[in-house]
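All remarks here apply to the structure that follows.
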Amino acid sequence: MSGSTRPQYGRVWMTFLQNSLIREMTFRGNLLITIVTRGFWFAAQLILFDIIYRNVNSINDWSRDDYFAFMATGMLINAIVETFFMPNCANFSELIRNGNLDFVLLKPIDTQFLVSFEKVNLAMLNQVLLAGALLFYSLFNVAQYELAMSVFQNLIQSGQWLLLFVICCQGTIQILMYCLLLAVGVAFFYSLMIALASSSIWFGRNQGLYDFWFYITVFARYPSSIYSGSPTGEVIRFAFSYVIPILLVVTIPARLLLSKALEPSWITLVSVSVTLALLLISRYIFKWSLNSYRSASS
C-alpha cells in the first residue's frame, strides 16, 4: 500500500488483470476454444436476423441496420459484464462453500471490490471487438457515408463553419451520451448479478437463481417496441421497462445513437434512476448477506 492505509484499488485491479492474463496464457487451448465458440455464436445471430430482414423491410421502426446497431449495443453491454463480473459473481458461492471467503474478509480492502473484480474473462474481450465492428458497420450504413461526406464538403466549400461546428458538437455529445448509457446498462446488470450472488450466503449454491438471471435477460435481446401489440407483450414491456428496466438499458442507448425518438421523452430518467437505486440496493443486500455469513471455522 506504499505507506498509505488507504487501499490502492487501481493497482489491485491491475494485479488481478495480470493474474488473469497469466491464467489464460497457461491454458491457451481453452482460451482459443472460447474465442472460437463465441465467434460462432456471434455469426449465428447475424445470419439469423439477416435471413429475417431479407423477408421484411423493418420490424416496427427497426430496419436491418438499425437492429444490428441495437444488437451490437446489447452485445457490448453483455460482453463487458461477462468479461469483468460474471466469473466473479459465479465464483462467490464457491468462496462460501470452501471457506475461502474467510480470507477475503480478512483483507484490508472492500470485500465487494475483491469479490467483483478478482477474475477477468479475457476471452470475452473478443466479443467486445466483434460487437464494436458490428456497430461501426451498421452506423456506416445508416448514416449513408457518401451522402454525409458530400454534405460536409459542401459546408466547408460554402464556408458555413458555424453550422459545421454545431453538427460536430451534436455528434460528439451524442457519442458521449451513448457511452454514458452503456455504462448505465453495465451497472444495471452488475447490480442485478451481485444481488443474486449474495443469496449464496443463505442458499449455499444458487445455480437456479443464475438460470433465472439468464432467463429474464434474454428479453433484452429485442427492442422494447417489439413487445407491443398484444396484452401479454404489453405486460412484458411494462414489467421490464418500469419495474426491472432490462429493456430500457439496451433500447435507450441504441435509439439515442440512431437519433430515434424516445417515447416518452423522459424514459431515459427512469433507466438512470432505477439503475442508481439498484446499485444502492445491491450494495445493501451484499453487506447484509455478509452479516449473516458464518465462517468455515464456526
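Please note that chains go A, B, ... in the order of the C-alpha cells, that every chain numbers its residues from 1, and that ligands are numbered from 1 in the order shown.
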Segment 88-95 of chain A: which residues within 8 Å, counting only C-alpha atoms, same-chain residues fewer than 2 positions away excluded, as a PyMOL selection string? chain A and resi 84-86+97-101+115-119+193-194+197-198+200-201+204-206
Can you tell me how far atom CA of Leu278 of chain A sits from atom CA of Phe188 of chain A, in Å to one decimal? 7.0 Å
Sorted by chain and rising residue number, list the residues of segment 178-271 of chain A at most 10 Å from segment 61-81 of chain A (counting only C-alpha atoms), each with its closest atom pair and distance in Å to one decimal, as a Markdown table.
```
| residue | atom | partner | partner_atom | distance |
| --- | --- | --- | --- | --- |
| A:Tyr178 | CA | A:Thr73 | CA | 9.5 |
| A:Leu181 | CA | A:Ile77 | CA | 9.9 |
| A:Leu182 | CA | A:Ile77 | CA | 6.4 |
| A:Ala183 | CA | A:Ile77 | CA | 7.9 |
| A:Val184 | CA | A:Ile77 | CA | 9.3 |
| A:Gly185 | CA | A:Ile77 | CA | 6.4 |
| A:Val186 | CA | A:Ile77 | CA | 5.6 |
| A:Ala187 | CA | A:Val81 | CA | 8.6 |
| A:Phe188 | CA | A:Val81 | CA | 9.8 |
| A:Phe189 | CA | A:Val81 | CA | 7.1 |
| A:Tyr190 | CA | A:Val81 | CA | 6.7 |
| A:Met193 | CA | A:Val81 | CA | 9.3 |
| A:Thr217 | CA | A:Asn78 | CA | 9.6 |
| A:Ala220 | CA | A:Gly74 | CA | 7.4 |
| A:Arg221 | CA | A:Gly74 | CA | 6.6 |
| A:Tyr222 | CA | A:Met71 | CA | 7.9 |
| A:Pro223 | CA | A:Phe70 | CA | 7.5 |
| A:Ser225 | CA | A:Asp61 | CA | 8.3 |
| A:Ile226 | CA | A:Asp61 | CA | 9.2 |
| A:Leu247 | CA | A:Gly74 | CA | 9.9 |
| A:Val249 | CA | A:Gly74 | CA | 8.8 |
| A:Val250 | CA | A:Gly74 | CA | 5.6 |
| A:Thr251 | CA | A:Phe70 | CA | 6.9 |
| A:Ile252 | CA | A:Phe70 | CA | 9.3 |
| A:Pro253 | CA | A:Thr73 | CA | 7.5 |
| A:Ala254 | CA | A:Phe70 | CA | 5.1 |
| A:Arg255 | CA | A:Phe70 | CA | 7.8 |
| A:Leu257 | CA | A:Ala69 | CA | 8.6 |
| A:Leu258 | CA | A:Asp66 | CA | 7.2 |
| A:Lys260 | CA | A:Asp61 | CA | 9.1 |
```
Once DSSP has gone over the backbone, tell me which residues of segment 35-169 of chain A are in strand (DSSP E), as a ChimeraX atom specification. /A:58-59,62-63
Going by DSSP on the backbone, which bits of segment 30-115 of chain A are helix (DSSP H, G or I)? Write them as a VMD selection string, please. chain A and resid 30 to 55 64 to 84 86 to 97 101 to 106 111 to 115
